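What follows is the content of model_8.cif (mmCIF, C-alpha atoms).
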data_protein
loop_
_atom_site.label_atom_id
_atom_site.label_comp_id
_atom_site.auth_asym_id
_atom_site.auth_seq_id
_atom_site.Cartn_x
_atom_site.Cartn_y
_atom_site.Cartn_z
CA MET A 1303 -72.69 47.38 -88.65
CA ASN A 1304 -75.82 47.80 -86.64
CA ILE A 1305 -75.86 50.74 -84.39
CA LYS A 1306 -78.24 50.02 -81.57
CA GLY A 1307 -81.00 52.50 -81.06
CA LEU A 1308 -80.92 53.88 -84.58
CA SER A 1309 -83.27 52.59 -87.23
CA ALA A 1310 -81.90 51.77 -90.65
CA ASP A 1311 -83.28 55.04 -91.99
CA GLU A 1312 -81.70 57.04 -89.20
CA MET A 1313 -78.40 55.25 -89.77
CA MET A 1314 -78.64 56.04 -93.44
CA SER A 1315 -79.37 59.67 -92.58
CA ALA A 1316 -76.44 59.72 -90.18
CA PHE A 1317 -74.28 58.15 -92.90
CA LEU A 1318 -75.33 60.73 -95.40
CA GLY A 1319 -75.10 63.68 -93.10
CA LEU A 1320 -78.76 64.52 -93.08
CA GLU A 1321 -80.49 65.72 -89.99
CA PHE A 1322 -83.00 63.36 -88.45
CA ASN A 1323 -85.87 64.26 -86.16
CA GLY A 1324 -85.03 67.81 -87.14
CA THR A 1325 -82.13 68.00 -84.68
CA VAL A 1326 -78.41 67.57 -84.95
CA MET A 1327 -76.87 64.55 -83.23
CA GLU A 1328 -77.00 64.84 -79.44
CA LEU A 1329 -74.07 63.96 -77.24
CA ASN A 1330 -75.63 60.76 -75.91
CA ILE A 1331 -76.26 59.61 -79.44
CA PHE A 1332 -72.67 60.46 -80.25
CA ASN A 1333 -71.49 58.29 -77.35
CA MET A 1334 -73.71 55.46 -78.44
CA PHE A 1335 -72.41 55.85 -81.94
CA ARG A 1336 -68.80 55.81 -80.78
CA ASP A 1337 -69.26 52.79 -78.48
CA ASN A 1338 -70.99 50.85 -81.18
CA ALA A 1339 -68.36 51.83 -83.70
CA ASP A 1340 -65.73 50.36 -81.35
CA LEU A 1341 -67.83 47.26 -80.83
CA ASN A 1342 -68.11 46.77 -84.57
CA GLY A 1343 -64.38 47.09 -85.14
CA ILE A 1344 -64.54 50.49 -86.86
CA LEU A 1345 -61.03 51.91 -87.23
CA PHE A 1346 -61.89 54.88 -89.31
CA TYR A 1347 -65.07 56.69 -90.20
CA TYR A 1348 -65.81 59.73 -92.30
CA ASN A 1349 -69.02 61.31 -93.39
CA GLY A 1350 -69.30 64.50 -95.34
CA GLN A 1351 -68.04 66.44 -98.27
CA ILE A 1352 -65.77 64.49 -100.56
CA THR A 1353 -63.05 66.04 -102.70
CA GLN A 1354 -59.73 64.78 -104.00
CA ASN A 1355 -58.06 66.58 -101.09
CA VAL A 1356 -60.27 64.86 -98.54
CA ILE A 1357 -59.39 61.50 -100.14
CA LEU A 1358 -55.68 62.34 -99.99
CA THR A 1359 -55.84 63.32 -96.33
CA MET A 1360 -57.88 60.27 -95.36
CA GLY A 1361 -55.58 58.01 -97.37
CA ASP A 1362 -52.51 59.37 -95.54
CA SER A 1363 -54.19 58.94 -92.20
CA LEU A 1364 -55.22 55.39 -93.09
CA LYS A 1365 -51.63 54.55 -94.10
CA GLN A 1366 -50.37 55.76 -90.70
CA ARG A 1367 -53.05 53.80 -88.92
CA LEU A 1368 -52.20 50.62 -90.81
CA LYS A 1369 -48.55 50.83 -89.79
CA GLU A 1370 -49.57 50.17 -86.20
CA ASP A 1371 -52.51 47.87 -86.71
CA ALA A 1372 -52.18 44.25 -85.67
CA HIS A 1373 -54.47 43.05 -88.45
CA VAL A 1374 -51.85 43.93 -91.03
CA ASP A 1375 -50.12 40.58 -91.21
CA SER A 1376 -48.41 41.37 -94.52
CA PRO A 1377 -47.35 44.58 -96.28
CA GLN A 1378 -49.33 43.28 -99.24
CA LYS A 1379 -52.55 43.45 -97.24
CA ALA A 1380 -51.94 47.09 -96.28
CA LYS A 1381 -51.31 47.95 -99.94
CA LYS A 1382 -54.46 46.17 -101.07
CA LEU A 1383 -56.49 47.95 -98.41
CA PHE A 1384 -55.09 51.33 -99.41
CA SER A 1385 -55.71 50.61 -103.08
CA SER A 1386 -59.34 49.55 -102.48
CA PHE A 1387 -59.86 52.60 -100.29
CA ILE A 1388 -58.67 54.93 -103.06
CA GLU A 1389 -60.68 53.16 -105.78
CA MET A 1390 -63.87 53.23 -103.68
CA THR A 1391 -63.57 56.85 -102.60
CA GLN A 1392 -62.64 58.05 -106.10
CA ASN A 1393 -65.62 56.10 -107.38
CA ALA A 1394 -67.83 57.92 -104.86
CA LEU A 1395 -66.29 61.21 -105.92
CA HIS A 1396 -67.11 60.42 -109.51
CA TYR A 1397 -70.67 59.19 -109.06
CA SER A 1398 -71.87 61.37 -106.20
CA PRO A 1399 -74.12 64.01 -107.77
CA ASP A 1400 -72.92 67.57 -107.51
CA ILE A 1401 -76.04 69.26 -106.26
CA SER A 1402 -75.72 73.00 -105.96
CA SER A 1403 -78.59 73.42 -103.49
CA VAL A 1404 -76.99 70.98 -101.04
CA ASP A 1405 -74.39 73.14 -99.37
CA GLU A 1406 -71.59 70.59 -99.15
CA GLY A 1407 -71.67 69.41 -102.75
CA LYS A 1408 -70.48 65.87 -103.33
CA SER A 1409 -70.61 63.77 -100.20
CA ALA A 1410 -69.96 60.24 -99.04
CA ALA A 1411 -69.71 58.09 -95.92
CA ILE A 1412 -66.75 55.78 -95.54
CA ALA A 1413 -65.94 53.28 -92.82
CA VAL A 1414 -62.88 51.05 -92.51
CA GLY A 1415 -63.00 48.33 -89.90
CA THR A 1416 -61.80 44.90 -88.93
CA ILE A 1417 -63.66 41.67 -88.63
CA GLU A 1418 -61.78 38.59 -87.47
CA ASP A 1419 -58.58 38.48 -89.55
CA SER A 1420 -59.87 40.74 -92.29
CA TYR A 1421 -60.50 44.36 -93.02
CA PHE A 1422 -63.65 45.73 -94.52
CA ILE A 1423 -64.39 49.02 -96.24
CA VAL A 1424 -67.92 50.34 -96.66
CA CYS A 1425 -68.56 53.35 -98.81
CA GLY A 1426 -71.96 54.96 -99.21
CA ASN A 1427 -72.96 57.80 -101.47
CA LEU A 1428 -75.88 59.12 -103.42
CA ILE A 1429 -76.06 58.40 -107.13
CA LYS A 1430 -78.40 59.61 -109.83
CA SER A 1431 -81.09 56.98 -110.38
CA GLU A 1432 -80.35 57.05 -114.09
CA TYR A 1433 -76.99 55.37 -113.32
CA ILE A 1434 -78.49 52.45 -111.38
CA GLU A 1435 -78.65 50.09 -114.35
CA HIS A 1436 -75.16 51.05 -115.46
CA ILE A 1437 -73.69 50.31 -112.03
CA LYS A 1438 -75.61 47.03 -111.71
CA THR A 1439 -74.36 45.85 -115.09
CA LYS A 1440 -70.81 46.44 -113.89
CA LEU A 1441 -71.19 44.89 -110.44
CA ASP A 1442 -73.50 41.91 -110.90
CA PRO A 1443 -71.10 39.85 -113.05
CA LEU A 1444 -68.35 40.34 -110.45
CA LEU A 1445 -70.38 38.80 -107.64
CA ASN A 1446 -70.24 35.28 -109.03
CA MET A 1447 -66.86 35.32 -110.72
CA THR A 1448 -63.97 33.18 -109.52
CA MET A 1449 -60.66 34.89 -108.80
CA GLU A 1450 -59.35 33.43 -112.05
CA ASP A 1451 -62.28 34.95 -114.00
CA ILE A 1452 -61.69 38.31 -112.32
CA ARG A 1453 -58.00 38.32 -113.27
CA LYS A 1454 -58.88 37.37 -116.82
CA ALA A 1455 -61.51 40.14 -117.06
CA TYR A 1456 -59.00 42.58 -115.57
CA ARG A 1457 -56.39 41.75 -118.21
CA GLU A 1458 -58.95 42.04 -121.00
CA GLN A 1459 -60.11 45.42 -119.75
CA LEU A 1460 -56.51 46.60 -119.41
CA LYS A 1461 -56.01 45.90 -123.13
CA ASN A 1462 -59.41 47.26 -124.18
CA ASP A 1463 -58.83 50.52 -126.00
CA GLN A 1464 -62.48 50.99 -126.89
CA HIS A 1465 -63.61 51.64 -123.33
CA GLU A 1466 -63.95 55.40 -123.62
CA THR A 1467 -66.14 55.18 -126.68
CA GLU A 1468 -68.17 52.23 -125.34
CA ASP A 1469 -68.74 53.72 -121.93
CA ALA A 1470 -69.22 57.44 -121.59
CA ILE A 1471 -70.45 57.29 -117.99
CA SER A 1472 -67.40 55.80 -116.28
CA LYS A 1473 -64.62 58.31 -116.13
CA GLY A 1474 -61.74 55.99 -115.37
CA ALA A 1475 -60.45 53.05 -117.29
CA GLY A 1476 -63.26 50.63 -116.43
CA LEU A 1477 -60.70 48.93 -114.22
CA GLY A 1478 -61.72 50.32 -110.83
CA LEU A 1479 -64.26 47.71 -109.76
CA LEU A 1480 -62.15 44.91 -111.23
CA THR A 1481 -59.17 46.17 -109.22
CA ILE A 1482 -61.30 46.16 -106.06
CA ALA A 1483 -62.65 42.67 -106.82
CA ARG A 1484 -59.16 41.36 -107.56
CA ASP A 1485 -57.81 42.56 -104.20
CA ALA A 1486 -60.78 41.39 -102.13
CA SER A 1487 -60.75 38.17 -100.13
CA LYS A 1488 -64.52 37.68 -100.46
CA PRO A 1489 -67.01 38.60 -103.20
CA ILE A 1490 -67.87 42.29 -103.04
CA GLU A 1491 -71.30 43.28 -101.69
CA TYR A 1492 -73.46 46.19 -102.71
CA SER A 1493 -76.92 47.65 -102.32
CA ILE A 1494 -78.84 50.30 -104.17
CA THR A 1495 -82.05 51.68 -102.70
CA PRO A 1496 -84.13 54.59 -103.93
CA ALA A 1497 -83.65 57.75 -101.89
CA GLU A 1498 -86.71 59.52 -100.64
CA CYS A 1499 -85.21 62.86 -101.42
CA ARG A 1500 -85.40 64.22 -104.89
CA VAL A 1501 -83.18 67.18 -105.47
CA GLU A 1502 -83.63 69.74 -108.21
CA GLY A 1503 -85.90 67.31 -110.00
CA VAL A 1504 -83.21 64.63 -110.08
CA GLU A 1505 -84.14 61.21 -108.74
CA LEU A 1506 -81.51 59.83 -106.44
CA ALA A 1507 -80.57 56.49 -104.90
CA HIS A 1508 -78.33 55.36 -102.05
CA PHE A 1509 -75.42 53.25 -103.20
CA PHE A 1510 -73.42 51.18 -100.71
CA LEU A 1511 -70.39 49.13 -101.59
CA LYS A 1512 -68.67 46.78 -99.15
CA VAL A 1513 -65.35 45.07 -99.68
CA THR A 1514 -63.50 42.61 -97.45
CA ILE A 1515 -59.73 42.33 -97.70
CA MET B 614 -35.72 68.68 -124.74
CA ILE B 615 -36.49 68.05 -121.11
CA TYR B 616 -40.02 67.51 -119.98
CA TYR B 617 -40.15 67.85 -116.23
CA PHE B 618 -42.86 67.97 -113.57
CA ALA B 619 -42.16 67.98 -109.86
CA ARG B 620 -43.77 65.33 -107.76
CA THR B 621 -47.06 66.17 -106.03
CA SER B 622 -49.04 64.14 -103.49
CA LEU B 623 -51.13 62.66 -106.27
CA THR B 624 -48.82 62.65 -109.26
CA PRO B 625 -45.28 61.35 -109.80
CA GLU B 626 -42.15 63.25 -110.70
CA VAL B 627 -41.90 63.22 -114.47
CA ASN B 628 -38.41 63.53 -115.86
CA PHE B 629 -38.27 62.90 -119.58
CA ASN B 630 -34.88 63.86 -120.94
CA PHE B 631 -35.38 63.34 -124.63
CA ALA B 632 -31.84 64.51 -125.46
CA THR B 633 -30.22 61.71 -123.44
CA HIS B 634 -33.07 59.28 -124.18
CA HIS B 635 -33.62 58.76 -120.51
CA LEU B 636 -37.14 58.90 -119.13
CA SER B 637 -38.32 58.42 -115.58
CA LEU B 638 -41.46 58.43 -113.45
CA LYS B 639 -41.12 58.39 -109.70
CA GLY B 640 -43.66 58.63 -106.91
CA GLU B 641 -47.35 57.88 -106.72
CA ALA B 642 -50.07 58.28 -109.35
CA TYR B 643 -53.71 58.67 -108.40
CA PRO B 644 -54.93 61.99 -109.75
CA GLU B 645 -58.66 62.56 -109.85
CA ASN B 646 -58.47 62.65 -113.62
CA ALA B 647 -55.76 60.33 -114.91
CA ALA B 648 -56.39 61.20 -118.56
CA SER B 649 -55.77 64.90 -118.09
CA PHE B 650 -52.48 64.17 -116.34
CA PHE B 651 -51.22 61.40 -118.65
CA ASN B 652 -52.50 62.47 -122.07
CA PRO B 653 -50.01 65.36 -122.43
CA LEU B 654 -47.23 62.95 -121.40
CA LEU B 655 -48.33 60.44 -124.01
CA GLU B 656 -48.35 63.17 -126.66
CA LYS B 657 -44.83 64.32 -125.78
CA VAL B 658 -43.50 60.78 -125.79
CA SER B 659 -45.28 59.99 -129.02
CA SER B 660 -43.77 62.92 -130.90
CA TYR B 661 -40.34 62.19 -129.39
CA LEU B 662 -40.53 58.57 -130.54
CA ASP B 663 -41.53 59.70 -134.04
CA SER B 664 -38.37 61.79 -134.22
CA ILE B 665 -35.83 59.08 -133.43
CA SER B 666 -34.45 55.92 -134.97
CA ASP B 667 -31.87 53.33 -133.88
CA GLU B 668 -31.71 54.80 -130.41
CA THR B 669 -31.49 53.15 -127.01
CA ILE B 670 -34.13 54.50 -124.67
CA THR B 671 -34.03 53.85 -120.95
CA PHE B 672 -37.23 54.24 -118.99
CA ASP B 673 -37.12 54.02 -115.18
CA VAL B 674 -40.49 53.52 -113.58
CA ASP B 675 -40.48 53.73 -109.81
CA LEU B 676 -44.08 54.08 -108.69
CA THR B 677 -45.07 52.97 -105.22
CA TYR B 678 -48.78 53.31 -105.93
CA PHE B 679 -50.87 53.96 -109.03
CA ASN B 680 -54.65 53.71 -109.21
CA SER B 681 -56.66 51.83 -111.81
CA ALA B 682 -57.03 54.78 -114.17
CA ALA B 683 -53.26 55.45 -114.01
CA THR B 684 -52.63 51.76 -114.65
CA LYS B 685 -54.50 52.02 -117.92
CA MET B 686 -52.58 55.13 -118.97
CA LEU B 687 -49.24 53.47 -118.14
CA PHE B 688 -50.24 50.50 -120.24
CA ARG B 689 -50.81 52.86 -123.18
CA LEU B 690 -47.47 54.54 -122.60
CA PHE B 691 -45.70 51.17 -122.73
CA GLY B 692 -47.64 50.41 -125.89
CA LEU B 693 -46.06 53.47 -127.54
CA LEU B 694 -42.60 52.40 -126.40
CA ASN B 695 -43.20 48.91 -127.70
CA GLU B 696 -43.98 50.37 -131.14
CA ALA B 697 -40.72 52.29 -130.98
CA GLY B 698 -39.05 48.94 -130.33
CA GLN B 699 -40.74 47.45 -133.38
CA ASN B 700 -39.39 50.38 -135.39
CA GLY B 701 -35.81 49.46 -134.62
CA ASN B 702 -35.10 51.24 -131.34
CA THR B 703 -33.99 49.50 -128.18
CA VAL B 704 -36.20 50.20 -125.20
CA ILE B 705 -35.08 49.26 -121.72
CA LEU B 706 -37.80 49.33 -119.08
CA ASN B 707 -36.57 49.24 -115.51
CA TRP B 708 -39.56 48.38 -113.36
CA TYR B 709 -38.81 49.31 -109.74
CA HIS B 710 -41.10 47.70 -107.24
CA ASP B 711 -41.23 47.19 -103.50
CA GLU B 712 -39.93 43.64 -103.02
CA GLU B 713 -43.10 42.78 -101.11
CA ASP B 714 -45.51 44.40 -103.54
CA LEU B 715 -46.72 41.45 -105.58
CA THR B 716 -49.45 43.47 -107.31
CA SER B 717 -46.91 45.84 -108.82
CA LEU B 718 -44.65 42.97 -109.81
CA GLU B 719 -47.57 41.16 -111.40
CA PHE B 720 -48.45 44.25 -113.45
CA GLY B 721 -44.80 44.43 -114.48
CA TYR B 722 -44.98 40.87 -115.75
CA ASP B 723 -48.21 41.66 -117.62
CA ILE B 724 -46.28 44.40 -119.41
CA LYS B 725 -43.39 42.07 -120.13
CA GLU B 726 -45.74 39.47 -121.61
CA GLU B 727 -47.76 41.95 -123.65
CA PHE B 728 -44.96 44.14 -124.99
CA LEU B 729 -42.30 41.79 -126.27
CA GLU B 730 -40.13 44.53 -127.75
CA LEU B 731 -39.35 45.97 -124.33
CA GLU B 732 -36.27 44.82 -122.46
CA PHE B 733 -37.98 44.42 -119.15
CA ASN B 734 -36.04 44.41 -115.89
CA ALA B 735 -37.82 43.98 -112.57
CA VAL B 736 -35.82 45.81 -109.92
CA PRO B 737 -36.88 44.91 -106.37
CA ILE B 738 -36.32 47.56 -103.74
CA SER B 739 -36.69 47.08 -100.02
CA GLU B 740 -39.13 49.27 -98.18
CA THR B 741 -37.28 51.96 -96.28
CA ALA B 742 -40.17 54.25 -95.37
#

Could you render the structure as structure tokens?
Amino acid sequence: MNIKGLSADEMMSAFLGLEFNGTVMELNIFNMFRDNADLNGILFYYNGQITQNVILTMGDSLKQRLKEDAHVDSPQKAKKLFSSFIEMTQNALHYSPDISSVDEGKSAAIAVGTIEDSYFIVCGNLIKSEYIEHIKTKLDPLLNMTMEDIRKAYREQLKNDQHETEDAISKGAGLGLLTIARDASKPIEYSITPAECRVEGVELAHFFLKVTI
Amino acid sequence: MIYYFARTSLTPEVNFNFATHHLSLKGEAYPENAASFFNPLLEKVSSYLDSISDETITFDVDLTYFNSAATKMLFRLFGLLNEAGQNGNTVILNWYHDEEDLTSLEFGYDIKEEFLELEFNAVPISETA
């Protein structure tokens, strides 16, 4: 997803709802953004405050959209897409730092689009730098696992009753990323880069996760 | 002896009639915090199961979507029911699933394989929505 005319930093800022060049987005930039979104197959895009209600509303809207979309060649694909969308946005809701001095609280950028016969979901949010290693340890093994390995790891984690005591950072069942990896048609992709902003003394990083279904 | 919660957008209808030994969950399950929704349910079921013997329990599960955290909590719930089976009760689990939803069916079969005391029935339903 390259949006012509915007540098990576500006895109990132646009993704994360920060102002760039000290101005809000002008109409011509909006048009450019929209045209390029179309060109890049973007079906759905959201950037801003994230709450459980926002996730619910977006999820409903996505479901409606999928009913009419030609890329849905099986009901199974629509279900997998919905499931990955919920796991990714709830993950963002969990990890996005709740910073009181940033007026909108927890925020994230989410795009759903199509490429060839597949869908992709990209979700970007800020995380506390102290969680970088934790997230890497969870994601890196998934990148090189075969589907069989992923299913096996999923079943083991499902039966693992020690998760809550072993892992105090993840709120869920430790199954979220495995569920996403299991439903994906390609290995998941991610990037973590340090954020230049430091809020209330907390070091932050940008976390992007991309899944193809 | 009835434990009931109406369905919400994020949580299923819970209808646990402990007097008739008929329990059901129906809807979708993806609350922000699965533990805070499911833990009270697990506690109720656990104390109910402690109070019975030689009963036949029917559990209807008709969930069209449940997230990963809810999946884990459901697995625990079935674990409790399996123990009740080991203690001499009969537990029938009717697993309703969209006939085209292979992920749900696969999870159903994971439960069947893991919890041998449950009488597991997969009940396919055709999508009407």

For this session: Just say which residues the PyMOL selection byres ((chain B) within 10 of (chain A)) picks in this file, as a PyMOL selection string.
Result: chain B and resi 622-623+643-648+677-686+688-689+692+711+713-716+720+723+727+740

Exercise. Rounded to one decimal in Å, what is the spacing between atom CA of B:Asp663 and atom CA of B:Leu718?
Worked result: 29.6 Å

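As for atom CA of A:Asp1340 and atom CA of A:Lys1488, they are spaced 23.0 Å apart.
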
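In this model, the gap between atom CA of A:Ala1413 and atom CA of A:Phe1346 comes to 5.6 Å.
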
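Around A:Ala1486, within 7 Å and counting only C-alpha atoms, the residues found are Val1513, Thr1514 and Ile1515 of chain A, once anything fewer than 6 positions away on its own chain is removed.
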
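Distance cut-off 12 Å, centre (-74.6, 45.0, -110.1), atoms counted all atoms listed in the file; the residues meeting this are Tyr1433, Ile1434, Glu1435, His1436, Ile1437, Lys1438, Thr1439, Lys1440, Leu1441, Asp1442, Pro1443, Leu1444, Leu1445, Asn1446, Leu1479, Ile1490, Glu1491, Tyr1492, Ser1493, Ile1494, Phe1509, Phe1510 and Leu1511 of chain A.
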
Selection export as a PDB file, keeping the file's coordinate frame, atoms kept: C-alpha atoms:
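selection.pdb was written with the following content:
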ATOM      1  CA  TYR A1433     -76.990  55.370-113.320  1.00  0.00           C
ATOM      2  CA  ILE A1434     -78.490  52.450-111.380  1.00  0.00           C
ATOM      3  CA  GLU A1435     -78.650  50.090-114.350  1.00  0.00           C
ATOM      4  CA  HIS A1436     -75.160  51.050-115.460  1.00  0.00           C
ATOM      5  CA  ILE A1437     -73.690  50.310-112.030  1.00  0.00           C
ATOM      6  CA  LYS A1438     -75.610  47.030-111.710  1.00  0.00           C
ATOM      7  CA  THR A1439     -74.360  45.850-115.090  1.00  0.00           C
ATOM      8  CA  LYS A1440     -70.810  46.440-113.890  1.00  0.00           C
ATOM      9  CA  LEU A1441     -71.190  44.890-110.440  1.00  0.00           C
ATOM     10  CA  ASP A1442     -73.500  41.910-110.900  1.00  0.00           C
ATOM     11  CA  PRO A1443     -71.100  39.850-113.050  1.00  0.00           C
ATOM     12  CA  LEU A1444     -68.350  40.340-110.450  1.00  0.00           C
ATOM     13  CA  LEU A1445     -70.380  38.800-107.640  1.00  0.00           C
ATOM     14  CA  ASN A1446     -70.240  35.280-109.030  1.00  0.00           C
ATOM     15  CA  LEU A1479     -64.260  47.710-109.760  1.00  0.00           C
ATOM     16  CA  ILE A1490     -67.870  42.290-103.040  1.00  0.00           C
ATOM     17  CA  GLU A1491     -71.300  43.280-101.690  1.00  0.00           C
ATOM     18  CA  TYR A1492     -73.460  46.190-102.710  1.00  0.00           C
ATOM     19  CA  SER A1493     -76.920  47.650-102.320  1.00  0.00           C
ATOM     20  CA  ILE A1494     -78.840  50.300-104.170  1.00  0.00           C
ATOM     21  CA  PHE A1509     -75.420  53.250-103.200  1.00  0.00           C
ATOM     22  CA  PHE A1510     -73.420  51.180-100.710  1.00  0.00           C
ATOM     23  CA  LEU A1511     -70.390  49.130-101.590  1.00  0.00           C
TER      24      LEU A1511
END

Care to translate the PyMOL selection byres ((chain B and resi 614) around 9) into actual residues of this file, as a PDB file with C-alpha atoms, in the coordinates of the input?
ATOM      1  CA  ILE B 615     -36.490  68.050-121.110  1.00  0.00           C
ATOM      2  CA  TYR B 616     -40.020  67.510-119.980  1.00  0.00           C
ATOM      3  CA  PHE B 629     -38.270  62.900-119.580  1.00  0.00           C
ATOM      4  CA  ASN B 630     -34.880  63.860-120.940  1.00  0.00           C
ATOM      5  CA  PHE B 631     -35.380  63.340-124.630  1.00  0.00           C
ATOM      6  CA  ALA B 632     -31.840  64.510-125.460  1.00  0.00           C
ATOM      7  CA  THR B 633     -30.220  61.710-123.440  1.00  0.00           C
TER       8      THR B 633
END

Exercise. Selected by the PyMOL selection byres ((chain A and resi 1367) around 12) in the shown coordinates: which residues, as an MDAnalysis selection string?
Worked result: chainID A and resid 1345:1346 1360:1366 1368:1374 1380 1383:1384 1414:1415

Exercise. Which protein, DNA or RNA residues are at most 8 Å from (-41.3, 54.5, -128.4) in the file's coordinates when you count all atoms listed in the file, listed as a ChimeraX atom specification?
Worked result: /B:658-659,661-663,691-698,702,704

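Between A:Ala1497 and the candidates A:Ser1431, A:Glu1458, A:Glu1450, A:Ala1483, the tightest atom-to-atom separation, counting all atoms listed in the file, involves A:Ser1431.
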